[in-house]
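Have a look at the structure below before the remarks.
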Amino acid sequence: MNNKIPNFVKTNQFGLLILVIVFICIFSFSTDGFTSRFNIYALSRVVALDIMIGLAMMVVILTGGLNLSLGALGVSAAMFGGWCMESMGIPISITIILVLAFGSFLGWINGFVTVRTGVHSFIVTLATMSIYFGFMTLLTEAEAFRKLPEAFTDFGSLKLFNKYISPLLIISVLTCFVLYYIFKYTDIGRKLIAAGANPDAAELSGISVDRMFIYCHMLSGFLAALAGIMLTARIGAAIPSMAGHLGFDWLLPAFLAPVLGGTLLSGGKVTVFGTMLGAILVTLINNGLYLIDVGEFWVRFFLGIILLGAVLLDRAREYFTVKNSIVS
Amino acid sequence: MSALLKKDWFGLGLVLIFGSILISLFKPAFISPFNLYVLMLSVSLMLVVAMSQMIIIAIGQMNLSVGAIGGLVAISFTGLMEVYSMSILPAVLIGLLIGLACGFINGYITVKTGISAFIITLATLYIFKGMNLGITEAQPFYEIPEAVKFFGNAKIFGPIPYLVIIPIIITVLMWILMNRTSLGRYMLAYGNNVQSSELIGISSTKIVIYAHVISGLLAAIGGMLVVCRLQLGTPNIGDSWLLPSFAAPVIGGAILAGGKVDVIATAFGVILVSIISQALVIFKIDPFFVQIFLGFMILLAVFINRYREYREERRTKVFSDE
Amino acid sequence: GHGVTKVALVPGGPHPYFAAWEQAGLDAVEDFGLGKADYRVPAEWDLSQQNELIESLVGQGYNAVLVFPGDAVGTNKILGELDDAGIPTAALAGCVEQPTQAKFCFGTDTGHSAYLGTKELIKALGGKGKIAHFTGFLVDPNTTLRINAVEQAVSEAGGGVEIIQVIADIDAYEPADEKINAFMAAQGSEVDGIVTTAWVPAVVAAQALTNMGDKRIKMVGIDHDEVVLKAIKDGYVHGTMLQNPYGQGYIGSYVMDKVRQGCEFKADAPWKSTAQTDQFIDSGTVFVDISDVDTYVMAMRGISLEILETFDSTYLNCPS
Amino acid sequence: MSDYILELNNITKNFPGVKALDNANFRLKKKSIHALLGENGAGKSTLIKIITGVYNQNEGKVFLNNQEKSFSSPNEAMNAGISVVHQERNLIRRFSVGENLMLTNLPKNNLGLIDYNTVAKESKKWLDIMELDIDPNTIVSDLTVAKMQLCEIAKALSLESKILLLDEPTSSLSPQDTKNLFALLKRLVAEQDVSIVFVSHKLEEVFEICDEVTVLRDGKNACESEQITNLNRQKLVKLMIGRDEQIIKSKKNIDFTDESLLDLQSINTDLGHKNINLNLKKGEILGLYGLVGAGRTELIKCVLGLDKINSGQILLNNKEIKIKSPKDALEKYKIGYISEDRKKEGLILMHDVLSNAGITVWSNLKKILSFLNDSIVYNKVDPYVKQLEVKTPSYQQIVSNLSGGNQQKISVAKWLASGTDILFIDEPTVGIDIKTKSYLHELIIELSLKGTSIILITSDMPEMISLADRIITMKDFKVVGETINNHNYEEMSSSIMGNIHE
Ligand SMILES: Nc1ncnc2c1ncn2[C@@H]1O[C@H](COP(=O)(O)OP(=O)(O)OP(=O)(O)O)[C@@H](O)[C@H]1O
Ligand SMILES: Nc1ncnc2c1ncn2[C@@H]1O[C@H](COP(=O)(O)OP(=O)(O)OP(=O)(O)O)[C@@H](O)[C@H]1O
Ligand SMILES: [Mg+2]
Ligand SMILES: [Mg+2]
């Protein structure tokens, strides 16, 4: 009886996967444009970014904290990249390395201040959000960098697989696999999770929790910077407003994906592929709602309703599978 | 004295007093009646919003939809008066009813499904805001009765605005609720430890629904107060509430994982944030530096306040374990 | 042989400024026989939401897009992609920076409008006084243009006028209310004039002056929010810089249809230049004060008709 | 009509993957103290939670005063006159003791607001009855574990119920506290007709106060309402574990003149330890005895670098060392610590058995690029988990779903796996059934025979005397005595207590 239902079916990812498939079916039948090459390509780019942003938030949620500075950090890193390429003429590959290092450094600041002062990551990142964004605006004077090397911007509009898929999506999916590997198959990944789940127990078991928390923030900065680079490539320029005022536009997608994906907000549990599926689901619904033409002013309303329905359905699935796995 | 030192609001109180003295030494305009009036206005609006979030923090949850509820009530309130020519009182009552209903929906779904309130209110944030936009199509309502406008502008004595009355009453009631009633204590107990409080016999359903209903009502009041203040019902009301609503209670020592909030310290947190943002204007900070200063000031204030409890706070999580 | 034209008019996000586009589009369908001219609003004021909407519009069969750029630079990429897909586009109400695939920019030169508004303010102040400038998000490139334009107008006024404070990042009502009132409290007695170059600060500042009952401070606002217009009528606000959203939507839709029918822009078309683009057509910016606040709609319509009447002959080469 | 106040018939309770109770019966007579016994995971706590409406049984019936009852919430059970002290601590940590005691029925003034003066007064009454010298305004989180447990009992008493369910109420009490409690319980039964269900792993206690016994084994009744007079220790043990108990004593020859392995020299700490001198020989089990609050746990934590040592030296093999963190201790000096608070510090309750048992060995097992997978960890920890006979459906079981005793086994297993040279073991057998307890004892001795040096903190005197080679007594953050253990219970206990009460 216990083995009747495979383990994967019991997971949140399975529920999400089913939902994604259902929505793909609904939208393909009920709208014209959904399966068009242009639309799928566009979707792949949006999804790519949402996944990356979601992952960047996920790794801080792992510690039981939050990273409100995510958007500000990503934009700052992207602007830094723009400056490197346009003003300094640094080659693309080196720029990317520098940007990722810069993002990790800003993440390190978040982590270091959080761990050392004991002030909550919520407040610390609330403050650094303001600070990073302020410095970015000050230093760039809100000027965009738009004379970026063509090789770089072309990458953002490259079309693969019979022009259906953006290479950005491949980067995001690869990142998912790398993170999955880290969390599942490495010593350090396990320690990150343990530290997030119960810091006291982890510390007494010989794990340096402070260091793990700082790593999580650095990883978050790294991923946010990567998202910044991807967005720069997609837009073809590094723009101060590309994540909205203070980077706010990134915050909701950043929460939605991991939370839908089953990442535990109290820390200690991550689901990399859940986050990926969460991002895909939200993007699909958003896109589908525009296509179905419910009236744009109502898009948000229906998005909310569908999200609510999705989490309720998922809960029903959980209930059902647990009920069926009781030994007899 | 040592009992005083232990209070969450004590450190903040000191920061506020010294901060204010320092600012008024440099800029006497800071304590001019008009400035105090302006300060009180901005404090009173945020106070209600912060309380609306605080009560949810007390039970160890988050309400991302406070702003959306406030906005929905604000435009319903003005819409009823403009489009249906309703008089003020019924419009206020319906506004409160909407807030109550929104809160009830949040609470009911959260407690019945066991899904984290963060997710539920994230979804309802879209729903409430979506209704707001769907109804208004982004157009503000302008026809506000004179009485409402008057309430938003008039002063009682000296620099004290009428508008501050309701927030003060709410703050007092909230203090009583959280410190002197079983309901409030049960909310805190629930926030402290869900499992234990259930074993003690505290009903989760009741606690969670009550907290969300109160939160919804407060958000509704906040929305309507903003209408009084702005004298128009724009669909954007509430959009900028989310972070301040968390910041004030947290600066006031609330633990986001639940079970610890302090009404007075939250009020001080609101005042602190208002003073900081006002100081940035008064000192004519170059707009390009404003964000940077704001960030550092928040950190500084929290450092000073938190210094004494620095070790205890070390790994508190944002969310309670479920 | 190009099929019917289906135009999408896409604003930057939900905002009352653009509301007139809806009727303008419908009227254009009626008057010029387009297939469609729909007002399609991104669910949020957010560049990527706008991009997502535009991308989905292609799937829905729209074949011309008029867009208020969510970002003067960032929107270019998607315009380029639409161009690749054979869909003509133009920037409406605000411009995108060159180089761009947008056929042209039809709207308000934001910098120039701020410049003119400040000029009007200085005139009202009699050439001397202290002024404050309230504006929107710093990261919006238009904000920098506006700050510079206001400074330029002030510097041209000789030494008599001085900017004592710039308050930015107040594109939401509540922070705007807080900061503008704090400003009034601290500097209200010193300042002689206020220029606002974004919608929300204009509304809030007009409201604040009305509430204070202060007619000494001269203010020049922007756009046509009822609060601002009423404050002008009541004498609390000196005037406002109006734009022409209806005309933008109406004429823009018309031109897109022409472009799709194969019309080309003349090589010697009398384009205007702005800081962002040199293919700019002014949809009309007028300053309105108490004398013409009631009749501005007529004035705007006049400007629109004038542009429309001469548009073909001035700008277009059409296949016969 | 029977004279049972509480009767449970054929109760079955399923959890995902576990059948916790299987046709179990339980009958509680009026005015009796009824022991409910069984190994870890036998289903004792589950039974109690079914009585109190925390869980609903899948099958079977509950009768209260001969009427069928089924409580759907703890509140209903409370209102029906059942009060309970659960195995887990259920005090609200940020509330005061007084408020916790009165929480279900907070006294109000005329305005309907809580009257905190009355709260303090009322609760003081119950604290006094428990002979607890605590100010009702103390915040619970400032209390020691033992005090918390006593408060919890006081809280249950304050409901003045006729049925009192006590799930391991004495697990962290000192012998003295336990004695006081028992006197009180006997008085309640005699004077107020209270009926009590008593769960404990300490059989001496059962013989001291109980009159009837029900034993559960794997969720089934091994015996039902047996008179205590018909039983003796051997019989009881056999009922519980299905075989006889083995008494183990450490029999080793430690040469106490040897060089010591670990040496604490005049340690003074931030927490208030004064001039602590301690040395640990290779292969020795050094007992640290003391009443609760003597500062033993704190001393160890200071040594591990979690709190500050102000002066003094720590020598390892005669070389001065500075331990900065438990990580340092584990990785550099091979020192491990088994915490007394398994829920908070010992285990990651939300994670599965494998990752809890393996946490200390990850660093050692990792391959190139920090690679590590489940089977590597499994191979390492499986022998220890097997050896301790952890009862779990699989390695993927979430630890919080295990019974308390099995949780404790996991928190021990992970340190066994880590293979440290020095192990600090803090209260290892709190809440552990006797079968496992003797396994654990065997294991500790075996470890020391293999050369691991152990500092053992336990408040269980018999345990201390059977295991330790040498016993150091602490009181008020100071060392007050040192005795070489001759394993003679009477002699040793009087000498230790002598040290404490000097
Ligand atoms: N909430 C739960 N979910 C899943 N399994 C559970 C749960 N609670 C208890 N169990 C399982 O039910 C069985 C009985 O547990 P119970 O806590 O009643 O044991 P116990 O006799 O009290 O043991 P101990 O002496 O260790 O406290 C155990 O196998 C345990 O793992
Ligand atoms: N005099 C005291 N005043 C206040 N708190 C004390 C005092 N003595 C000890 N404590 C507290 O009591 C708690 C128990 O101390 P500790 O755990 O070190 O004792 P122990 O000897 O290990 O006892 P056990 O492990 O049996 O509980 C600690 O939290 C300590 O801070
Ligand atoms: Mg138990
Ligand atoms: Mg101890």
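Labels for the structure tokens follow display order: chains A, B, ..., residues from 1 in each chain, ligands from 1.
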
* Would you list which chain A residues are within 6 Å of chain D using only C-alpha atoms, as a ChimeraX atom specification? -> /A:185-187,198,200-201,204-207,326-327

* Asked: Residues at most 6 Å from segment 63-76 of chain B, counting only C-alpha atoms, excluding those fewer than 4 positions away in the same chain, as a ChimeraX atom specification?
  -> /B:80,95,121-122,125,128-129,132,219-220,223-224,233,237-239,241

* Would you list the contacts of Leu98 of chain A as a PyMOL selection string, taking every protein, DNA or RNA residue within 9 Å and counting only C-alpha atoms, but skipping same-chain residues closer than 4 positions in sequence? => chain A and resi 80-81+84+93-94+102-103

Produce a file of the selected residues containing all heavy atoms, as a compact mmCIF listing (two decimals), in the first residue's frame.
```txt
# COMPACT_ATOMS: atom_id res chain seq x y z
N PHE A 80 26.66 48.08 -13.13
CA PHE A 80 28.11 47.92 -13.02
C PHE A 80 28.65 47.24 -14.28
O PHE A 80 29.66 47.66 -14.86
CB PHE A 80 28.43 47.10 -11.77
CG PHE A 80 29.87 46.73 -11.60
CD1 PHE A 80 30.82 47.69 -11.28
CD2 PHE A 80 30.29 45.41 -11.77
CE1 PHE A 80 32.15 47.34 -11.13
CE2 PHE A 80 31.62 45.06 -11.62
CZ PHE A 80 32.55 46.04 -11.30
N GLY A 81 27.91 46.22 -14.72
CA GLY A 81 28.30 45.52 -15.94
C GLY A 81 28.27 46.45 -17.15
O GLY A 81 29.18 46.46 -17.98
N CYS A 84 31.26 48.62 -17.00
CA CYS A 84 32.47 47.89 -17.39
C CYS A 84 32.59 47.80 -18.91
O CYS A 84 33.64 48.06 -19.48
CB CYS A 84 32.44 46.46 -16.83
SG CYS A 84 32.72 46.36 -15.08
N SER A 93 33.39 38.53 -21.41
CA SER A 93 33.53 37.42 -20.47
C SER A 93 34.06 37.91 -19.13
O SER A 93 33.55 37.52 -18.07
CB SER A 93 34.46 36.37 -21.06
OG SER A 93 35.68 36.99 -21.43
N ILE A 94 35.05 38.79 -19.18
CA ILE A 94 35.59 39.31 -17.91
C ILE A 94 34.54 40.14 -17.19
O ILE A 94 34.37 40.05 -15.98
CB ILE A 94 36.86 40.13 -18.18
CG1 ILE A 94 37.91 39.20 -18.78
CG2 ILE A 94 37.37 40.78 -16.90
CD1 ILE A 94 39.19 39.88 -19.15
N PHE A 102 30.77 41.09 -8.18
CA PHE A 102 30.21 42.28 -7.54
C PHE A 102 28.88 41.96 -6.86
O PHE A 102 28.65 42.35 -5.71
CB PHE A 102 30.01 43.35 -8.62
CG PHE A 102 29.49 44.65 -8.10
CD1 PHE A 102 30.27 45.46 -7.28
CD2 PHE A 102 28.21 45.08 -8.43
CE1 PHE A 102 29.78 46.66 -6.81
CE2 PHE A 102 27.72 46.28 -7.96
CZ PHE A 102 28.51 47.08 -7.15
N GLY A 103 28.03 41.21 -7.56
CA GLY A 103 26.76 40.79 -6.96
C GLY A 103 26.99 39.99 -5.70
O GLY A 103 26.35 40.22 -4.67
```

* **Within 7 Å of ligand 4 (only C-alpha atoms and all ligand atoms), residues as a list in words** =>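 Every residue with an atom at most 7 Å from ligand 4 is listed here: Val292, Gly293, Gly295, Arg296, Thr297, Glu340 and Asp426 of chain D.
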
* Residues of chain D within 8 Å of chain B, using only C-alpha atoms, as an NGL selection string? -> :D and (54 or 73-76 or 78 or 89-95 or 104 or 106 or 112-115)

Write a file of the just-selected residues containing N, CA and C atoms, as an mmCIF file, in the first residue's frame.
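File written: out24.cif
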```
data_model
loop_
_atom_site.group_PDB
_atom_site.id
_atom_site.type_symbol
_atom_site.label_atom_id
_atom_site.label_comp_id
_atom_site.auth_asym_id
_atom_site.auth_seq_id
_atom_site.Cartn_x
_atom_site.Cartn_y
_atom_site.Cartn_z
ATOM 1 N N VAL D 54 -6.497 15.551 21.121
ATOM 2 C CA VAL D 54 -5.528 16.101 20.179
ATOM 3 C C VAL D 54 -5.574 15.306 18.878
ATOM 4 N N SER D 73 -11.381 18.463 20.440
ATOM 5 C CA SER D 73 -10.314 19.439 20.683
ATOM 6 C C SER D 73 -9.878 19.363 22.139
ATOM 7 N N PRO D 74 -8.653 19.772 22.423
ATOM 8 C CA PRO D 74 -8.154 19.725 23.798
ATOM 9 C C PRO D 74 -9.052 20.507 24.746
ATOM 10 N N ASN D 75 -9.671 21.542 24.220
ATOM 11 C CA ASN D 75 -10.545 22.355 25.048
ATOM 12 C C ASN D 75 -11.691 21.559 25.626
ATOM 13 N N GLU D 76 -12.286 20.723 24.773
ATOM 14 C CA GLU D 76 -13.425 19.928 25.230
ATOM 15 C C GLU D 76 -13.000 18.977 26.339
ATOM 16 N N MET D 78 -10.583 19.386 28.367
ATOM 17 C CA MET D 78 -10.319 20.174 29.562
ATOM 18 C C MET D 78 -11.620 20.500 30.280
ATOM 19 N N ARG D 89 7.221 20.256 26.119
ATOM 20 C CA ARG D 89 6.916 21.448 26.901
ATOM 21 C C ARG D 89 5.907 22.298 26.151
ATOM 22 N N ASN D 90 4.894 22.758 26.846
ATOM 23 C CA ASN D 90 3.869 23.549 26.191
ATOM 24 C C ASN D 90 3.621 24.875 26.885
ATOM 25 N N LEU D 91 4.669 25.465 27.406
ATOM 26 C CA LEU D 91 4.499 26.793 27.985
ATOM 27 C C LEU D 91 4.769 27.833 26.901
ATOM 28 N N ILE D 92 4.129 28.972 27.042
ATOM 29 C CA ILE D 92 4.386 30.063 26.112
ATOM 30 C C ILE D 92 5.624 30.787 26.615
ATOM 31 N N ARG D 93 6.702 30.645 25.899
ATOM 32 C CA ARG D 93 7.999 31.042 26.441
ATOM 33 C C ARG D 93 8.127 32.522 26.748
ATOM 34 N N ARG D 94 7.409 33.363 26.001
ATOM 35 C CA ARG D 94 7.571 34.799 26.246
ATOM 36 C C ARG D 94 6.576 35.337 27.277
ATOM 37 N N PHE D 95 5.703 34.492 27.776
ATOM 38 C CA PHE D 95 4.756 34.932 28.792
ATOM 39 C C PHE D 95 5.338 34.645 30.172
ATOM 40 N N THR D 104 -5.685 29.427 30.431
ATOM 41 C CA THR D 104 -6.985 28.992 29.925
ATOM 42 C C THR D 104 -8.131 29.708 30.617
ATOM 43 N N LEU D 106 -8.075 33.232 32.253
ATOM 44 C CA LEU D 106 -7.463 34.445 32.785
ATOM 45 C C LEU D 106 -8.476 35.269 33.580
ATOM 46 N N GLY D 112 -13.874 43.655 32.188
ATOM 47 C CA GLY D 112 -13.633 42.530 31.294
ATOM 48 C C GLY D 112 -12.191 42.457 30.836
ATOM 49 N N LEU D 113 -11.325 43.247 31.460
ATOM 50 C CA LEU D 113 -9.921 43.212 31.083
ATOM 51 C C LEU D 113 -9.147 42.320 32.054
ATOM 52 N N ILE D 114 -8.041 41.788 31.565
ATOM 53 C CA ILE D 114 -7.277 40.872 32.401
ATOM 54 C C ILE D 114 -6.711 41.607 33.612
ATOM 55 N N ASP D 115 -6.851 40.980 34.751
ATOM 56 C CA ASP D 115 -6.364 41.579 35.986
ATOM 57 C C ASP D 115 -5.079 40.852 36.398
#
```

* Do you know which residues are at most 7 Å from segment 31-42 of chain A counting only C-alpha atoms, after dropping those on the same chain fewer than 5 positions away, and could you put them as a ChimeraX atom specification? -> /A:164-166,291-292 /C:55-56,59-60

Contacts of segment 172-174 of chain B at 8 Å or less, counting only C-alpha atoms, minus same-chain residues fewer than 4 places along, as a compact mmCIF listing (two decimals) with all heavy atoms, in the first residue's frame?
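Contents of around09.txt, freshly written:
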```
# COMPACT_ATOMS: atom_id res chain seq x y z
N MET B 51 -0.47 49.05 12.53
CA MET B 51 -1.24 48.22 13.47
C MET B 51 -1.90 47.07 12.72
O MET B 51 -1.98 45.95 13.21
CB MET B 51 -2.34 49.05 14.15
CG MET B 51 -1.82 50.10 15.10
SD MET B 51 -0.99 49.36 16.50
CE MET B 51 0.06 50.69 17.02
N ILE B 168 -5.29 57.48 17.19
CA ILE B 168 -4.95 57.40 18.61
C ILE B 168 -5.89 56.43 19.32
O ILE B 168 -5.47 55.56 20.09
CB ILE B 168 -4.98 58.79 19.27
CG1 ILE B 168 -3.76 59.57 18.79
CG2 ILE B 168 -4.99 58.67 20.79
CD1 ILE B 168 -3.67 60.96 19.36
N MET B 178 -3.96 43.78 23.01
CA MET B 178 -2.78 42.92 23.07
C MET B 178 -2.30 42.69 24.50
O MET B 178 -1.59 41.73 24.76
CB MET B 178 -1.61 43.51 22.27
CG MET B 178 -1.82 43.68 20.78
SD MET B 178 -2.68 42.37 19.95
CE MET B 178 -1.48 41.09 19.91
N VAL B 263 2.83 47.38 21.07
CA VAL B 263 2.03 48.43 20.43
C VAL B 263 2.73 49.78 20.52
O VAL B 263 2.85 50.51 19.53
CB VAL B 263 0.63 48.49 21.07
CG1 VAL B 263 -0.17 49.64 20.48
CG2 VAL B 263 -0.09 47.18 20.86
```

* Asked: Contacts of Leu289 of chain A at 10 Å or less, counting only C-alpha atoms, minus same-chain residues fewer than 2 places along, as a ChimeraX atom specification?
  -> /A:27,31,283-287,291-296,298-300,302-303 /C:53,56

* Who sits within 9 Å of segment 470-473 of chain D, only C-alpha atoms, same chain under 2 positions skipped, as a list in words ->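 The filter keeps Leu278, Glu284, Ile285, Leu286, Gly287, Leu288, Tyr289, Gly290, Met464, Ile465, Ala468, Lys475, Lys478, Val479, Val480, Gly481, Glu482, Thr483, Ile484, Asn485, Asn486, Ile496, Met497, Asn499 and Ile500 of chain D.
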
* Residue hits in chain A, query chain B, radius 6 Å, only C-alpha atoms, as JSON, numbers by chain -> {"A": [64, 65, 118, 127, 130, 131, 134, 138, 265, 266, 297, 298, 300, 301, 304, 307, 308]}

* To do: Name each residue within 8 Å of ligand 1, counting only C-alpha atoms and all ligand atoms, as an NGL selection string.
  => :D and (14-21 or 37-48 or 87 or 167-168 or 200-201 or 216 or 218-219 or 391-392 or 400-407 or 431-433)

With N, CA and C atoms retained, write the just-selected residues as a short mmCIF file (atom, residue, chain, number, x, y, z; two decimals), in the first residue's frame.
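Below is the file that was written, result.cif:
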```cif
data_model
loop_
_atom_site.label_atom_id
_atom_site.label_comp_id
_atom_site.auth_asym_id
_atom_site.auth_seq_id
_atom_site.Cartn_x
_atom_site.Cartn_y
_atom_site.Cartn_z
N ASN D 14 -3.72 5.21 13.37
CA ASN D 14 -2.73 5.13 12.29
C ASN D 14 -2.11 6.50 12.02
N PHE D 15 -0.83 6.48 11.82
CA PHE D 15 -0.17 7.67 11.27
C PHE D 15 0.39 7.26 9.92
N PRO D 16 0.68 8.23 9.07
CA PRO D 16 1.28 7.86 7.79
C PRO D 16 2.48 6.95 8.03
N GLY D 17 2.40 5.74 7.59
CA GLY D 17 3.54 4.84 7.72
C GLY D 17 3.67 4.13 9.05
N VAL D 18 2.88 4.48 10.04
CA VAL D 18 3.03 3.86 11.37
C VAL D 18 1.67 3.52 11.93
N LYS D 19 1.60 2.38 12.56
CA LYS D 19 0.40 2.08 13.33
C LYS D 19 0.76 2.28 14.79
N ALA D 20 0.39 3.41 15.34
CA ALA D 20 0.86 3.77 16.67
C ALA D 20 0.12 3.00 17.75
N LEU D 21 -1.16 2.78 17.56
CA LEU D 21 -1.93 1.99 18.52
C LEU D 21 -2.72 0.94 17.76
N LEU D 37 3.07 2.22 30.71
CA LEU D 37 4.47 1.97 30.41
C LEU D 37 4.66 1.39 29.03
N GLY D 38 5.89 1.41 28.60
CA GLY D 38 6.22 0.85 27.29
C GLY D 38 7.51 1.47 26.79
N GLU D 39 8.10 0.78 25.81
CA GLU D 39 9.31 1.31 25.23
C GLU D 39 9.03 2.61 24.49
N ASN D 40 10.08 3.22 24.01
CA ASN D 40 9.90 4.40 23.16
C ASN D 40 9.11 4.00 21.92
N GLY D 41 8.11 4.78 21.63
CA GLY D 41 7.34 4.51 20.44
C GLY D 41 6.28 3.45 20.63
N ALA D 42 6.06 3.05 21.87
CA ALA D 42 5.05 2.03 22.12
C ALA D 42 3.65 2.59 21.93
N GLY D 43 3.52 3.90 22.01
CA GLY D 43 2.21 4.51 21.79
C GLY D 43 1.61 5.18 23.01
N LYS D 44 2.42 5.39 24.02
CA LYS D 44 1.90 5.98 25.26
C LYS D 44 1.37 7.39 25.03
N SER D 45 2.23 8.22 24.45
CA SER D 45 1.81 9.60 24.24
C SER D 45 0.64 9.67 23.29
N THR D 46 0.63 8.79 22.32
CA THR D 46 -0.49 8.79 21.38
C THR D 46 -1.79 8.49 22.11
N LEU D 47 -1.73 7.55 23.02
CA LEU D 47 -2.93 7.22 23.80
C LEU D 47 -3.41 8.44 24.58
N ILE D 48 -2.46 9.10 25.20
CA ILE D 48 -2.82 10.29 25.99
C ILE D 48 -3.42 11.35 25.09
N GLN D 87 4.25 15.36 27.12
CA GLN D 87 5.67 15.06 27.14
C GLN D 87 6.48 16.26 26.65
N ASP D 167 2.43 12.80 31.28
CA ASP D 167 3.28 12.09 30.33
C ASP D 167 4.73 12.43 30.62
N GLU D 168 5.43 11.54 31.23
CA GLU D 168 6.82 11.72 31.65
C GLU D 168 7.05 13.04 32.37
N SER D 200 6.14 6.99 32.67
CA SER D 200 7.53 7.23 33.03
C SER D 200 8.40 6.08 32.56
N HIS D 201 9.65 6.38 32.34
CA HIS D 201 10.61 5.31 32.04
C HIS D 201 11.40 4.91 33.26
N LEU D 216 2.21 -1.10 27.17
CA LEU D 216 2.00 -1.17 25.72
C LEU D 216 3.27 -1.67 25.06
N ASP D 218 4.50 -2.03 21.03
CA ASP D 218 4.17 -1.82 19.62
C ASP D 218 2.69 -1.50 19.44
N GLY D 219 2.16 -0.69 20.31
CA GLY D 219 0.77 -0.26 20.16
C GLY D 219 -0.26 -1.24 20.66
N LYS D 391 13.68 2.96 15.99
CA LYS D 391 12.45 2.47 15.40
C LYS D 391 11.91 3.52 14.43
N THR D 392 12.13 3.29 13.16
CA THR D 392 11.64 4.23 12.15
C THR D 392 11.29 3.46 10.90
N SER D 400 10.62 14.54 13.37
CA SER D 400 9.59 14.98 14.33
C SER D 400 8.47 13.95 14.43
N ASN D 401 8.37 13.05 13.46
CA ASN D 401 7.33 12.02 13.57
C ASN D 401 7.77 10.82 14.39
N LEU D 402 9.00 10.78 14.82
CA LEU D 402 9.44 9.66 15.66
C LEU D 402 9.05 9.92 17.10
N SER D 403 9.01 8.85 17.88
CA SER D 403 8.71 9.05 19.30
C SER D 403 9.91 9.70 19.97
N GLY D 404 9.64 10.31 21.11
CA GLY D 404 10.70 11.05 21.79
C GLY D 404 11.98 10.24 21.99
N GLY D 405 11.81 9.02 22.39
CA GLY D 405 12.98 8.20 22.67
C GLY D 405 13.79 7.91 21.42
N ASN D 406 13.08 7.65 20.34
CA ASN D 406 13.79 7.38 19.10
C ASN D 406 14.51 8.61 18.59
N GLN D 407 13.90 9.76 18.87
CA GLN D 407 14.60 11.00 18.51
C GLN D 407 15.92 11.08 19.25
N GLY D 431 14.03 10.46 28.98
CA GLY D 431 12.94 10.00 28.12
C GLY D 431 13.27 8.78 27.30
N ILE D 432 14.26 8.01 27.73
CA ILE D 432 14.63 6.83 26.97
C ILE D 432 14.15 5.60 27.72
N ASP D 433 13.56 4.64 27.02
CA ASP D 433 13.05 3.46 27.72
C ASP D 433 14.22 2.59 28.21
#
```

* To do: Give as a VMD selection string every residue of chain B that touches chain C within 7 Å, counting only C-alpha atoms.
  => chain B and resid 29 to 30 34 to 35 38 42 138 to 139 153 278 281 to 282 284 287

* To do: Identify, with DSSP run on backbone atoms, the residues in segment 114-279 of chain D assigned to helix (DSSP H, G or I), and express the list as a ChimeraX atom specification.
  => /D:116-129,140-142,145-158,175-192,203-209,228-230,233-241

* To do: Please indicate the distance in Å from atom CA of Ala91 of chain C to atom CA of Leu121 of chain C, rounded to one decimal place.
  => 29.0 Å

* Which chain C residues are at most 10 Å from chain A (counting only C-alpha atoms), as a ChimeraX atom specification? -> /C:13-14,39-49,51-61,70-78,81-82,85,97,99,137-144,169,171

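What separates atom CA of Glu162 of chain C from atom CA of Leu116 of chain C is a distance of 16.5 Å.
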
* From the DSSP assignment of the backbone, select every residue of segment 69-272 of chain A that is strand (DSSP E or B), and format the answer as a PyMOL selection string. => chain A and resi 145+160+165+186+238
